[in-house]
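Here's my_file_26.txt, which has compact mmCIF, C-alpha atoms:
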# COMPACT_ATOMS: atom_id res chain seq x y z
CA MET A 1 -1.43 37.00 16.71
CA ARG A 2 -0.30 37.47 13.13
CA PHE A 3 -0.75 34.84 10.42
CA ASN A 4 2.99 34.16 10.20
CA GLN A 5 3.10 33.25 13.89
CA ILE A 6 0.07 30.99 13.61
CA TYR A 7 1.58 29.31 10.57
CA LEU A 8 4.88 28.82 12.33
CA LEU A 9 3.05 27.21 15.26
CA LEU A 10 1.21 24.87 12.87
CA LEU A 11 4.48 23.82 11.23
CA LEU A 12 6.04 23.32 14.64
CA GLY A 13 3.10 21.16 15.71
CA ALA A 14 3.38 19.11 12.53
CA PHE A 15 7.12 18.71 13.11
CA LEU A 16 6.54 17.49 16.67
CA CYS A 17 3.87 15.03 15.51
CA ALA A 18 6.07 13.69 12.71
CA PHE A 19 9.46 13.56 14.39
CA VAL A 20 9.04 13.62 18.16
CA ILE A 21 5.69 12.30 19.39
CA PRO A 22 5.37 8.49 19.06
CA PRO A 23 3.06 7.60 16.14
CA GLU A 24 0.87 5.45 18.42
CA LEU A 25 -0.36 8.59 20.16
CA THR A 26 -1.36 10.44 17.01
CA ASP A 27 -2.67 7.34 15.24
CA SER A 28 -5.67 6.93 17.51
CA ALA A 29 -6.87 10.40 16.64
CA ARG A 30 -6.73 9.97 12.88
CA LEU A 31 -8.24 6.49 12.80
CA HIS A 32 -11.71 7.96 12.93
CA ALA A 33 -11.18 9.50 9.53
CA THR A 34 -9.82 6.45 7.74
CA GLY A 35 -13.01 5.94 5.77
CA LEU A 36 -13.45 9.62 4.99
CA PHE A 37 -12.29 9.36 1.39
CA THR A 38 -14.10 6.14 0.52
CA PRO A 39 -16.86 7.84 -1.53
CA VAL A 40 -14.20 9.03 -3.99
CA SER A 41 -11.46 6.42 -3.70
CA TYR A 42 -13.70 3.35 -3.92
CA PRO A 43 -15.32 4.06 -7.33
CA ILE A 44 -11.99 5.27 -8.74
CA ARG A 45 -10.31 2.10 -7.52
CA ARG A 46 -13.03 -0.08 -9.04
CA ILE A 47 -12.74 1.64 -12.42
CA ALA A 48 -8.93 1.49 -12.36
CA SER A 49 -9.05 -2.14 -11.33
CA ALA A 50 -11.33 -2.98 -14.27
CA VAL A 51 -9.10 -1.09 -16.70
CA TYR A 52 -5.84 -2.59 -15.43
CA ARG A 53 -7.03 -6.18 -14.98
CA PRO A 54 -5.95 -7.36 -18.47
CA PHE A 55 -2.46 -5.92 -17.89
CA ASP A 56 -2.21 -7.56 -14.48
CA HIS A 57 -2.85 -10.86 -16.17
CA LEU A 58 0.04 -10.29 -18.56
CA GLU A 59 2.42 -9.40 -15.74
CA SER A 60 1.90 -12.73 -13.97
CA ALA A 61 5.07 -14.22 -12.52
CA ASP A 62 3.91 -17.70 -13.44
CA THR A 63 6.32 -19.18 -15.99
CA ARG A 64 4.47 -22.43 -16.65
CA SER A 65 3.40 -23.28 -20.18
CA ASN A 66 -0.27 -23.34 -21.16
CA ALA A 67 -0.16 -27.08 -21.70
CA SER A 68 1.18 -27.77 -18.22
CA VAL A 69 -1.41 -25.45 -16.68
CA LEU A 70 -4.21 -27.25 -18.54
CA ALA A 71 -2.89 -30.63 -17.44
CA GLU A 72 -2.62 -29.44 -13.86
CA ASN A 73 -6.16 -28.04 -14.05
CA ASP A 74 -7.53 -31.42 -15.08
CA GLN A 75 -5.73 -33.11 -12.22
CA LEU A 76 -6.90 -30.49 -9.77
CA LYS A 77 -10.51 -30.81 -10.90
CA GLN A 78 -10.41 -34.51 -10.13
CA GLU A 79 -8.68 -33.82 -6.84
CA VAL A 80 -11.22 -31.18 -5.87
CA ALA A 81 -14.09 -33.53 -6.65
CA ARG A 82 -12.53 -36.27 -4.53
CA LEU A 83 -11.72 -33.92 -1.64
CA SER A 84 -15.15 -32.29 -1.75
CA ALA A 85 -16.76 -35.67 -1.32
CA GLN A 86 -14.46 -36.45 1.60
CA VAL A 87 -15.12 -33.07 3.22
CA ASP A 88 -18.88 -33.54 2.89
CA ARG A 89 -18.62 -36.91 4.57
CA LEU A 90 -16.42 -35.58 7.37
CA GLN A 91 -18.69 -32.60 7.95
CA LYS A 92 -21.67 -34.88 8.35
CA LEU A 93 -19.80 -37.09 10.78
CA GLU A 94 -18.51 -34.26 12.90
CA SER A 95 -21.32 -31.81 12.62
CA GLU A 96 -22.19 -32.14 16.28
CA ARG A 97 -18.66 -31.46 17.41
CA GLN A 98 -17.95 -28.68 15.00
CA ASN A 99 -19.00 -25.35 16.32
CA LEU A 100 -16.59 -23.48 14.15
CA GLY A 101 -17.26 -22.96 10.48
CA SER A 102 -14.68 -22.48 7.81
CA LEU A 103 -12.17 -19.69 8.05
CA LYS A 104 -14.20 -17.67 5.62
CA ALA A 105 -17.37 -18.11 7.65
CA GLN A 106 -15.62 -16.67 10.70
CA SER A 107 -14.25 -13.75 8.82
CA VAL A 108 -15.57 -10.34 7.99
CA ARG A 109 -15.52 -9.36 4.34
CA ALA A 110 -14.23 -5.87 3.74
CA VAL A 111 -14.08 -3.77 0.64
CA VAL A 112 -10.78 -2.07 -0.10
CA ALA A 113 -11.46 1.62 -0.41
CA GLY A 114 -7.95 2.73 -1.21
CA ALA A 115 -4.26 2.38 -0.71
CA ASP A 116 -1.81 4.30 1.42
CA ALA A 117 -1.50 7.87 0.17
CA ALA A 118 2.24 7.91 0.69
CA GLY A 119 3.05 4.79 -1.27
CA ARG A 120 3.57 2.54 1.76
CA ASP A 121 2.30 -1.03 1.52
CA ALA A 122 -1.02 -0.55 3.25
CA LEU A 123 -4.70 -0.67 2.35
CA LEU A 124 -7.62 1.35 3.62
CA LEU A 125 -10.76 -0.66 4.21
CA SER A 126 -14.35 0.42 4.23
CA LEU A 127 -16.10 -1.24 7.16
CA SER A 128 -19.32 -0.96 9.02
CA PRO A 129 -18.74 1.06 12.22
CA THR A 130 -20.20 -1.90 14.11
CA ALA A 131 -17.85 -4.49 12.57
CA ASN A 132 -16.17 -6.48 15.30
CA VAL A 133 -12.54 -6.23 14.20
CA HIS A 134 -9.44 -5.36 16.14
CA GLN A 135 -5.84 -4.38 15.70
CA GLY A 136 -3.72 -7.42 14.86
CA ASP A 137 -6.51 -9.37 13.14
CA ALA A 138 -5.30 -11.39 10.16
CA VAL A 139 -6.31 -10.20 6.70
CA LEU A 140 -6.69 -12.76 3.92
CA TYR A 141 -7.33 -12.56 0.20
CA THR A 142 -8.10 -15.26 -2.31
CA GLY A 143 -4.38 -15.92 -2.77
CA GLY A 144 -3.57 -16.35 0.94
CA LEU A 145 -2.32 -14.04 3.64
CA ALA A 146 -2.43 -10.34 2.78
CA GLY A 147 -1.44 -8.74 6.08
CA SER A 148 -2.82 -7.72 9.43
CA LEU A 149 -5.00 -4.92 10.71
CA ASP A 150 -2.70 -2.12 11.69
CA ALA A 151 -5.51 -0.07 13.04
CA ALA A 152 -9.24 -0.39 13.18
CA SER A 153 -11.87 1.87 14.59
CA GLY A 154 -13.70 4.94 13.68
CA ALA A 155 -17.05 6.53 13.57
CA ILE A 156 -16.81 6.71 9.78
CA GLY A 157 -16.03 3.01 9.62
CA GLY A 158 -12.56 2.38 8.37
CA ALA A 159 -9.55 0.25 9.01
CA ARG A 160 -5.96 0.12 7.83
CA VAL A 161 -4.16 -3.04 6.77
CA ARG A 162 -0.42 -3.39 6.96
CA LEU A 163 0.44 -5.67 4.05
CA ILE A 164 3.01 -8.44 4.38
CA SER A 165 5.05 -6.64 1.71
CA ASP A 166 5.49 -3.55 3.89
CA LYS A 167 9.07 -3.01 4.91
CA GLY A 168 9.70 -4.30 8.41
CA VAL A 169 7.14 -7.11 8.36
CA VAL A 170 8.79 -10.44 9.22
CA LEU A 171 7.08 -13.85 9.11
CA THR A 172 8.33 -17.38 9.38
CA GLY A 173 7.64 -19.44 6.29
CA ASP A 174 8.05 -22.94 4.99
CA PHE A 175 8.69 -24.21 1.46
CA VAL A 176 6.10 -26.49 -0.08
CA ARG A 177 5.95 -28.22 -3.46
CA PHE A 178 2.90 -29.79 -5.03
CA VAL A 179 3.89 -33.01 -6.75
CA SER A 180 1.66 -34.96 -9.11
CA THR A 181 1.95 -38.71 -8.83
CA GLY A 182 -0.48 -41.04 -10.54
CA GLY A 183 -3.06 -38.36 -11.17
CA LYS A 184 -2.97 -37.26 -7.53
CA THR A 185 -1.44 -34.03 -6.26
CA GLU A 186 0.49 -34.23 -3.02
CA GLU A 187 1.90 -31.50 -0.83
CA VAL A 188 5.58 -32.03 -0.02
CA HIS A 189 7.26 -29.90 2.66
CA LEU A 190 10.86 -29.23 1.67
CA GLN A 191 13.39 -29.94 4.39
CA SER A 192 14.85 -26.52 5.06
CA PRO A 193 15.37 -24.44 8.20
CA PRO A 194 12.52 -21.99 8.92
CA ALA A 195 12.76 -19.15 6.42
CA LEU A 196 12.37 -15.55 7.52
CA VAL A 197 10.05 -13.96 4.97
CA ARG A 198 10.48 -10.21 4.96
CA GLY A 199 8.42 -7.43 3.49
CA LEU A 200 10.78 -5.37 1.35
CA GLY A 201 8.45 -2.49 0.53
CA ASN A 202 6.98 -1.52 -2.84
CA GLY A 203 4.99 -4.73 -3.10
CA MET A 204 8.01 -6.99 -2.80
CA ILE A 205 8.50 -9.93 -0.47
CA GLY A 206 11.64 -11.95 -0.10
CA ILE A 207 13.84 -14.18 1.97
CA THR A 208 17.17 -12.51 2.40
CA ASP A 209 20.46 -14.12 3.30
CA MET A 210 19.52 -17.77 3.35
CA LYS A 211 22.47 -20.16 3.23
CA GLU A 212 23.19 -21.50 -0.24
CA THR A 213 23.75 -24.94 1.25
CA ASP A 214 20.31 -24.91 2.93
CA ILE A 215 18.64 -23.99 -0.35
CA ARG A 216 20.58 -26.65 -2.24
CA THR A 217 19.90 -29.32 0.38
CA ALA A 218 16.17 -28.55 0.46
CA GLY A 219 16.06 -28.35 -3.35
CA VAL A 220 14.15 -25.07 -3.36
CA ARG A 221 13.55 -23.81 -6.90
CA PRO A 222 11.40 -21.20 -8.64
CA GLY A 223 7.74 -22.18 -8.62
CA ASP A 224 7.80 -23.68 -5.12
CA TRP A 225 5.24 -22.30 -2.70
CA VAL A 226 6.03 -20.42 0.49
CA VAL A 227 3.44 -20.96 3.21
CA LEU A 228 3.04 -19.51 6.66
CA ASP A 229 4.75 -21.41 9.46
CA ASP A 230 4.73 -18.79 12.15
CA PRO A 231 3.92 -19.54 15.81
CA GLN A 232 2.52 -16.00 16.08
CA TRP A 233 -0.30 -17.08 13.74
CA PRO A 234 -1.19 -20.58 14.95
CA GLY A 235 -4.59 -20.67 13.26
CA LEU A 236 -3.24 -19.70 9.88
CA LEU A 237 -0.40 -22.19 9.57
CA GLY A 238 -0.12 -23.25 5.96
CA ALA A 239 -1.71 -20.10 4.57
CA THR A 240 -0.11 -19.19 1.27
CA ILE A 241 2.34 -16.31 1.18
CA GLY A 242 3.47 -16.65 -2.44
CA ARG A 243 5.66 -18.56 -4.85
CA VAL A 244 9.42 -18.55 -5.21
CA ALA A 245 10.12 -16.34 -8.22
CA VAL A 246 13.89 -15.85 -8.33
CA ILE A 247 16.83 -17.23 -6.36
CA LYS A 248 20.02 -15.24 -6.73
CA PRO A 249 23.28 -14.85 -4.79
CA SER A 250 23.20 -12.24 -2.04
CA ARG A 251 24.91 -9.00 -3.02
CA LEU A 252 26.09 -8.41 0.52
CA HIS A 253 27.08 -11.81 1.84
CA PRO A 254 28.94 -14.50 -0.05
CA LEU A 255 27.61 -18.06 0.27
CA PHE A 256 24.12 -16.69 0.97
CA ASP A 257 21.20 -16.32 -1.45
CA ASP A 258 18.26 -13.95 -1.71
CA ILE A 259 14.89 -15.39 -2.70
CA SER A 260 12.21 -13.20 -4.28
CA ILE A 261 8.65 -14.27 -3.61
CA ALA A 262 5.80 -13.40 -5.96
CA THR A 263 2.35 -13.07 -4.44
CA GLN A 264 -0.65 -14.31 -6.42
CA ALA A 265 -1.84 -10.77 -6.94
CA ASP A 266 -0.49 -7.27 -6.43
CA LEU A 267 -1.54 -6.81 -2.81
CA ARG A 268 -1.88 -3.05 -3.20
CA ARG A 269 -4.49 -3.56 -5.91
CA LEU A 270 -6.79 -5.95 -4.08
CA SER A 271 -10.47 -5.09 -4.22
CA ASP A 272 -11.79 -7.30 -1.40
CA VAL A 273 -10.24 -8.91 1.66
CA TRP A 274 -11.43 -11.01 4.58
CA ILE A 275 -10.60 -10.11 8.15
CA VAL A 276 -10.19 -13.06 10.49
CA PRO A 277 -10.76 -11.99 14.10
CA GLY A 278 -7.71 -12.52 16.28
CA ARG A 279 -4.59 -14.30 15.21
CA LEU A 280 -6.48 -17.58 15.70
CA MET B 281 -10.27 32.08 -2.09
CA ASN B 282 -13.48 30.09 -2.27
CA TRP B 283 -12.85 27.64 0.58
CA ILE B 284 -15.70 25.31 -0.39
CA ALA B 285 -14.12 24.81 -3.81
CA PHE B 286 -10.78 24.36 -2.12
CA PHE B 287 -12.04 21.60 0.18
CA ILE B 288 -13.73 19.82 -2.72
CA LEU B 289 -10.41 19.94 -4.61
CA ALA B 290 -8.48 18.69 -1.57
CA TYR B 291 -10.98 15.91 -0.97
CA LEU B 292 -10.96 14.79 -4.60
CA SER B 293 -7.19 14.89 -4.87
CA ILE B 294 -6.59 12.77 -1.76
CA GLY B 295 -9.42 10.41 -2.70
CA THR B 296 -7.91 10.03 -6.16
CA GLN B 297 -4.50 9.42 -4.60
CA THR B 298 -5.73 6.57 -2.42
CA GLY B 299 -7.87 5.10 -5.18
CA LEU B 300 -5.66 5.48 -8.23
CA GLY B 301 -2.12 5.61 -6.81
CA PRO B 302 -1.27 1.87 -6.93
CA PHE B 303 -2.59 1.60 -10.48
CA MET B 304 -0.37 4.39 -11.77
CA ARG B 305 2.80 2.95 -10.28
CA TRP B 306 5.82 3.62 -12.46
CA THR B 307 8.21 0.70 -12.21
CA THR B 308 11.63 0.70 -13.81
CA SER B 309 14.84 -1.18 -13.11
CA SER B 310 16.08 1.72 -10.99
CA SER B 311 12.78 2.60 -9.34
CA ALA B 312 10.88 -0.03 -7.42
CA GLY B 313 7.53 1.71 -7.78
CA ALA B 314 6.97 5.43 -7.85
CA GLU B 315 3.44 6.75 -7.58
CA PRO B 316 2.25 10.20 -8.60
CA ASN B 317 1.16 12.49 -5.80
CA PHE B 318 -2.17 14.12 -6.60
CA GLY B 319 -2.16 15.97 -3.29
CA LEU B 320 1.04 17.73 -4.36
CA LEU B 321 -0.55 18.76 -7.67
CA ALA B 322 -3.39 20.39 -5.74
CA VAL B 323 -0.85 22.15 -3.51
CA VAL B 324 1.05 23.53 -6.50
CA PHE B 325 -2.14 24.80 -8.09
CA ILE B 326 -3.28 26.52 -4.90
CA THR B 327 0.09 28.05 -4.02
CA LEU B 328 0.62 29.39 -7.53
CA ASN B 329 -2.76 31.08 -7.68
CA ALA B 330 -4.04 31.96 -4.21
CA GLN B 331 -3.09 34.85 -1.97
CA ARG B 332 -0.05 34.16 0.20
CA ASP B 333 -1.85 33.43 3.48
CA ALA B 334 -4.61 31.37 1.89
CA ALA B 335 -2.05 29.46 -0.20
CA LEU B 336 0.07 28.56 2.83
CA MET B 337 -2.93 27.50 4.89
CA GLY B 338 -4.36 25.56 1.96
CA ALA B 339 -1.14 23.65 1.40
CA PHE B 340 -0.90 22.80 5.08
CA LEU B 341 -4.51 21.58 5.16
CA ILE B 342 -4.03 19.36 2.10
CA GLY B 343 -0.98 17.85 3.79
CA ALA B 344 -2.94 17.27 7.00
CA LEU B 345 -5.71 15.57 5.00
CA GLN B 346 -3.18 13.34 3.26
CA ASP B 347 -1.71 12.47 6.66
CA LEU B 348 -5.08 10.92 7.56
CA VAL B 349 -4.69 8.14 4.99
CA THR B 350 -1.10 7.03 5.27
CA GLN B 351 1.01 4.88 7.53
CA GLN B 352 3.53 7.69 7.82
CA PRO B 353 3.39 9.58 11.13
CA PHE B 354 0.75 12.26 11.34
CA GLY B 355 2.12 15.67 10.41
CA LEU B 356 4.78 14.57 7.94
CA PHE B 357 2.89 15.68 4.84
CA ALA B 358 1.46 18.76 6.55
CA LEU B 359 5.00 19.83 7.43
CA SER B 360 6.50 19.05 4.03
CA TYR B 361 3.65 20.65 2.05
CA GLY B 362 3.74 23.65 4.34
CA LEU B 363 7.48 24.13 3.78
CA SER B 364 7.20 23.56 0.03
CA ALA B 365 4.38 26.09 -0.16
CA LEU B 366 6.60 28.67 1.56
CA VAL B 367 9.14 28.27 -1.25
CA ILE B 368 6.64 28.37 -4.11
CA VAL B 369 4.73 31.33 -2.67
CA SER B 370 7.96 33.33 -2.51
CA PHE B 371 8.27 33.40 -6.31
CA SER B 372 4.68 32.82 -7.42
CA GLN B 373 4.34 36.55 -8.20
CA VAL B 374 7.14 36.53 -10.75
CA VAL B 375 6.26 33.42 -12.76
CA TYR B 376 3.78 32.89 -15.55
CA ARG B 377 1.21 30.86 -13.63
CA GLY B 378 -0.48 29.29 -16.62
CA HIS B 379 2.64 28.01 -18.34
CA PRO B 380 3.22 24.23 -18.40
CA LEU B 381 6.92 24.68 -17.63
CA THR B 382 6.01 26.62 -14.50
CA HIS B 383 3.78 23.76 -13.42
CA PHE B 384 6.51 21.23 -14.16
CA PHE B 385 9.34 22.98 -12.36
CA CYS B 386 7.26 24.12 -9.38
CA THR B 387 5.99 20.56 -8.89
CA LEU B 388 9.49 19.14 -9.29
CA LEU B 389 10.88 21.63 -6.78
CA ALA B 390 8.10 21.00 -4.27
CA GLY B 391 8.35 17.25 -4.85
CA CYS B 392 12.07 17.29 -4.14
CA GLY B 393 11.44 19.30 -0.97
CA ILE B 394 8.83 16.80 0.19
CA ALA B 395 11.14 13.91 -0.71
CA LEU B 396 13.88 15.51 1.36
CA VAL B 397 11.64 15.79 4.44
CA ILE B 398 10.41 12.21 4.00
CA LEU B 399 13.93 10.88 3.53
CA ILE B 400 15.22 12.73 6.60
CA HIS B 401 12.34 11.27 8.57
CA SER B 402 12.99 7.84 7.11
CA ARG B 403 16.65 8.07 8.10
CA ILE B 404 15.83 9.14 11.66
CA ARG B 405 12.99 6.67 12.21
CA GLN B 406 14.46 3.89 10.04
CA GLY B 407 11.54 4.00 7.65
CA SER B 408 11.12 2.28 4.33
CA ASN B 409 11.48 5.14 1.88
CA ALA B 410 14.22 4.68 -0.69
CA PRO B 411 15.74 7.86 -2.19
CA VAL B 412 15.38 6.64 -5.78
CA THR B 413 11.70 5.81 -5.35
CA THR B 414 10.89 9.04 -3.53
CA LEU B 415 12.68 11.22 -6.10
CA SER B 416 11.16 9.22 -8.97
CA ALA B 417 7.74 9.95 -7.50
CA ALA B 418 8.59 13.68 -7.53
CA LEU B 419 9.64 13.49 -11.19
CA TYR B 420 6.55 11.44 -12.12
CA THR B 421 4.27 13.95 -10.42
CA ALA B 422 6.08 16.80 -12.18
CA ILE B 423 5.51 15.14 -15.57
CA LEU B 424 1.76 14.97 -14.82
CA ALA B 425 1.67 18.56 -13.55
CA PRO B 426 1.28 20.35 -16.92
CA PHE B 427 -1.83 18.25 -17.61
CA VAL B 428 -3.47 18.26 -14.18
CA VAL B 429 -2.48 21.72 -12.96
CA GLY B 430 -3.09 23.02 -16.49
CA ALA B 431 -6.65 21.65 -16.38
CA LEU B 432 -7.17 23.13 -12.91
CA HIS B 433 -5.82 26.47 -14.14
CA ARG B 434 -8.63 26.60 -16.67
CA MET B 435 -11.12 26.23 -13.81
CA ARG B 436 -9.50 28.83 -11.55
CA LYS B 437 -12.55 31.13 -11.67
CA ILE B 438 -14.39 28.64 -9.45
CA PHE B 439 -11.79 29.22 -6.74
CA ALA B 440 -12.22 33.02 -6.82
CA PHE B 441 -8.54 33.73 -6.23
CA LYS B 442 -7.64 37.28 -5.29
CA LYS B 443 -4.25 38.59 -6.37
Rendering of file as structure tokens:
Amino acid sequence: MRFNQIYLLLLLGAFLCAFVIPPELTDSARLHATGLFTPVSYPIRRIASAVYRPFDHLESADTRSNASVLAENDQLKQEVARLSAQVDRLQKLESERQNLGSLKAQSVRAVVAGADAAGRDALLLSLSPTANVHQGDAVLYTGGLAGSLDAASGAIGGARVRLISDKGVVLTGDFVRFVSTGGKTEEVHLQSPPALVRGLGNGMIGITDMKETDIRTAGVRPGDWVVLDDPQWPGLLGATIGRVAVIKPSRLHPLFDDISIATQADLRRLSDVWIVPGRL
Amino acid sequence: MNWIAFFILAYLSIGTQTGLGPFMRWTTSSSAGAEPNFGLLAVVFITLNAQRDAALMGAFLIGALQDLVTQQPFGLFALSYGLSALVIVSFSQVVYRGHPLTHFFCTLLAGCGIALVILIHSRIRQGSNAPVTTLSAALYTAILAPFVVGALHRMRKIFAFKK
């Protein structure tokens, strides 16, 4: 067989894999190589992360003034001290009944080895081949929910995370505002219908086509938090998704608004995540 | 072609892509976030310099390696790199291989070809690739090509290309 014929067969096979055969069938084969590039991608990512960190700080979507942040910090310090004392007391009281530790204690820490090579909103994790993680497990970062395991397995020890910003991801969220009254910070749930939080691709998350009247009635405004309120993730209810960044009229539908949500960090640039087994 | 050197190049380029890609994102008002494609730069270098058969096979293999670390269906990059390599190989004999403009235009051409395949796939499978972002990525990669492919061109003796 001549080279041209072999090459044509290879292209045909690639075409069938890409356009005809369902991705689930081919995915299982390539999962074993997810961690293959970690020896190169991990150090590069670490160096890039260190270089870009100052710029990330400047690009923060937080519009609060320094003075208000300092004031809030003082209040939060007091609140943390008070809550820590309460938690300690409760843990002592319920230590016999509590078999489960904190969410973090149940989770598996994973180092991010790289991002999707085609620019999709996904991360490649470096994991021990013996790590007990499965497809669908929740993935958290210090700022809240990052995504879910799209695929996990492999002799080389790798896993792939589909981020919540990937196009097609849909979650149900709730609006929350933290209000300071008398030196105490309280969580107030805004009275709005459940919001469908969608991944829009390229690191963006938003709520599209929400009724203007619902937003006005609930009083949603930039700076409010969006937290998870999805029955598919019962154990993670209240996990942070992000903060409302911009509310603007929908370009497609009159009387509806689009809400942009800013995550606490660029999810594609995370360096560590925690995998929580199951959807709890 | 020295296949060991080739595989080291392919491995480094895909590893760099997964590690560095999100940090080199080019965001403008019209482009939501284009990333350079280091795998494509390796493909352009190989197809411009290697013998026809080795160049085609090399481009296909780099695409297959890149398919291992993406959410896109397996085979999409292998197919698009393979087709782009067919185009570049057809005129690689008549261009000045070391010239930065050659690197720029070959990368832009191949990038547009890859973007076309990805966009067709995205249209059929209702994927998430936006034309502006995909074409911006091709242009971004082409801008980097004179530097990266130029540097690789200086190291071409390692690859023992036969022409």
Selection near Val169 of chain A, 9 Å with all atoms listed in the file, sequence-local residues under 4 positions removed, as a VMD selection string: chain A and resid 162 to 165 197 to 200
Any chance you could tabulate, as JSON lines, the residues of chain B at most 7 Å from chain A with each one's nearest atom pair and distance in Å to one decimal, using all atoms listed in the file, in chain and rising number order?
{"residue": "B:Leu292", "atom": "CA", "partner": "A:Val40", "partner_atom": "CA", "distance": 6.6}
{"residue": "B:Gly295", "atom": "CA", "partner": "A:Ser41", "partner_atom": "CA", "distance": 4.6}
{"residue": "B:Thr296", "atom": "CA", "partner": "A:Ser41", "partner_atom": "CA", "distance": 5.6}
{"residue": "B:Gln297", "atom": "CA", "partner": "A:Ala117", "partner_atom": "CA", "distance": 5.8}
{"residue": "B:Thr298", "atom": "CA", "partner": "A:Gly114", "partner_atom": "CA", "distance": 4.6}
{"residue": "B:Gly299", "atom": "CA", "partner": "A:Ser41", "partner_atom": "CA", "distance": 4.1}
{"residue": "B:Leu300", "atom": "CA", "partner": "A:Arg45", "partner_atom": "CA", "distance": 5.8}
{"residue": "B:Pro302", "atom": "CA", "partner": "A:Arg268", "partner_atom": "CA", "distance": 6.2}
{"residue": "B:Phe303", "atom": "CA", "partner": "A:Ala48", "partner_atom": "CA", "distance": 6.6}
{"residue": "B:Ala312", "atom": "CA", "partner": "A:Asn202", "partner_atom": "CA", "distance": 6.2}
{"residue": "B:Gly313", "atom": "CA", "partner": "A:Asn202", "partner_atom": "CA", "distance": 5.9}
{"residue": "B:Glu315", "atom": "CA", "partner": "A:Gly119", "partner_atom": "CA", "distance": 6.6}
{"residue": "B:Gln346", "atom": "CA", "partner": "A:Ala117", "partner_atom": "CA", "distance": 6.5}
{"residue": "B:Leu348", "atom": "CA", "partner": "A:Arg30", "partner_atom": "CA", "distance": 5.7}
{"residue": "B:Val349", "atom": "CA", "partner": "A:Ala117", "partner_atom": "CA", "distance": 5.8}
{"residue": "B:Thr350", "atom": "CA", "partner": "A:Asp116", "partner_atom": "CA", "distance": 4.8}
{"residue": "B:Gln351", "atom": "CA", "partner": "A:Arg120", "partner_atom": "CA", "distance": 6.7}
{"residue": "B:Pro353", "atom": "CA", "partner": "A:Ala18", "partner_atom": "CA", "distance": 5.2}
{"residue": "B:Phe354", "atom": "CA", "partner": "A:Ala18", "partner_atom": "CA", "distance": 5.7}
{"residue": "B:Gly355", "atom": "CA", "partner": "A:Ala14", "partner_atom": "CA", "distance": 4.2}
{"residue": "B:Leu356", "atom": "CA", "partner": "A:Ala18", "partner_atom": "CA", "distance": 5.0}
{"residue": "B:Ala358", "atom": "CA", "partner": "A:Ala14", "partner_atom": "CA", "distance": 6.3}
{"residue": "B:Leu359", "atom": "CA", "partner": "A:Ala14", "partner_atom": "CA", "distance": 5.4}
{"residue": "B:Gly362", "atom": "CA", "partner": "A:Leu11", "partner_atom": "CA", "distance": 6.9}
{"residue": "B:His401", "atom": "CA", "partner": "A:Phe19", "partner_atom": "CA", "distance": 6.9}
{"residue": "B:Ser408", "atom": "CA", "partner": "A:Lys167", "partner_atom": "CA", "distance": 5.7}
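The coordinates place atom CA of Asp230 of chain A at 18.1 Å from atom CA of Tyr141 of chain A.
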Near-Thr217 of chain A list (9 Å; only C-alpha atoms; drop same-chain fewer than 3 positions) as a PyMOL selection string: chain A and resi 191-192+212-214+220
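For the set B:Arg403, B:Tyr376, B:Ala390, B:His433, the residue with the smallest atom-to-atom gap to Phe357 of chain B is B:Ala390, counting only C-alpha atoms.
Checking A:Ser180, A:Thr185, A:Thr142, A:Ser128 one by one against Ala265 of chain A, counting only C-alpha atoms, you find the shortest gap at A:Thr142.
The spacing separating atom CA of Pro411 of chain B from atom CA of Thr387 of chain B amounts to 17.4 Å.
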What box, with edges along x, y and z, holds each listed atom of segment 373-382 of chain B when 3 Å is added on every side, and can you state its centre and edge lengths in Å to one decimal, as lines of an AutoDock Vina configuration file?
center_x = 3.3
center_y = 30.4
center_z = -13.3
size_x = 13.6
size_y = 18.3
size_z = 16.2
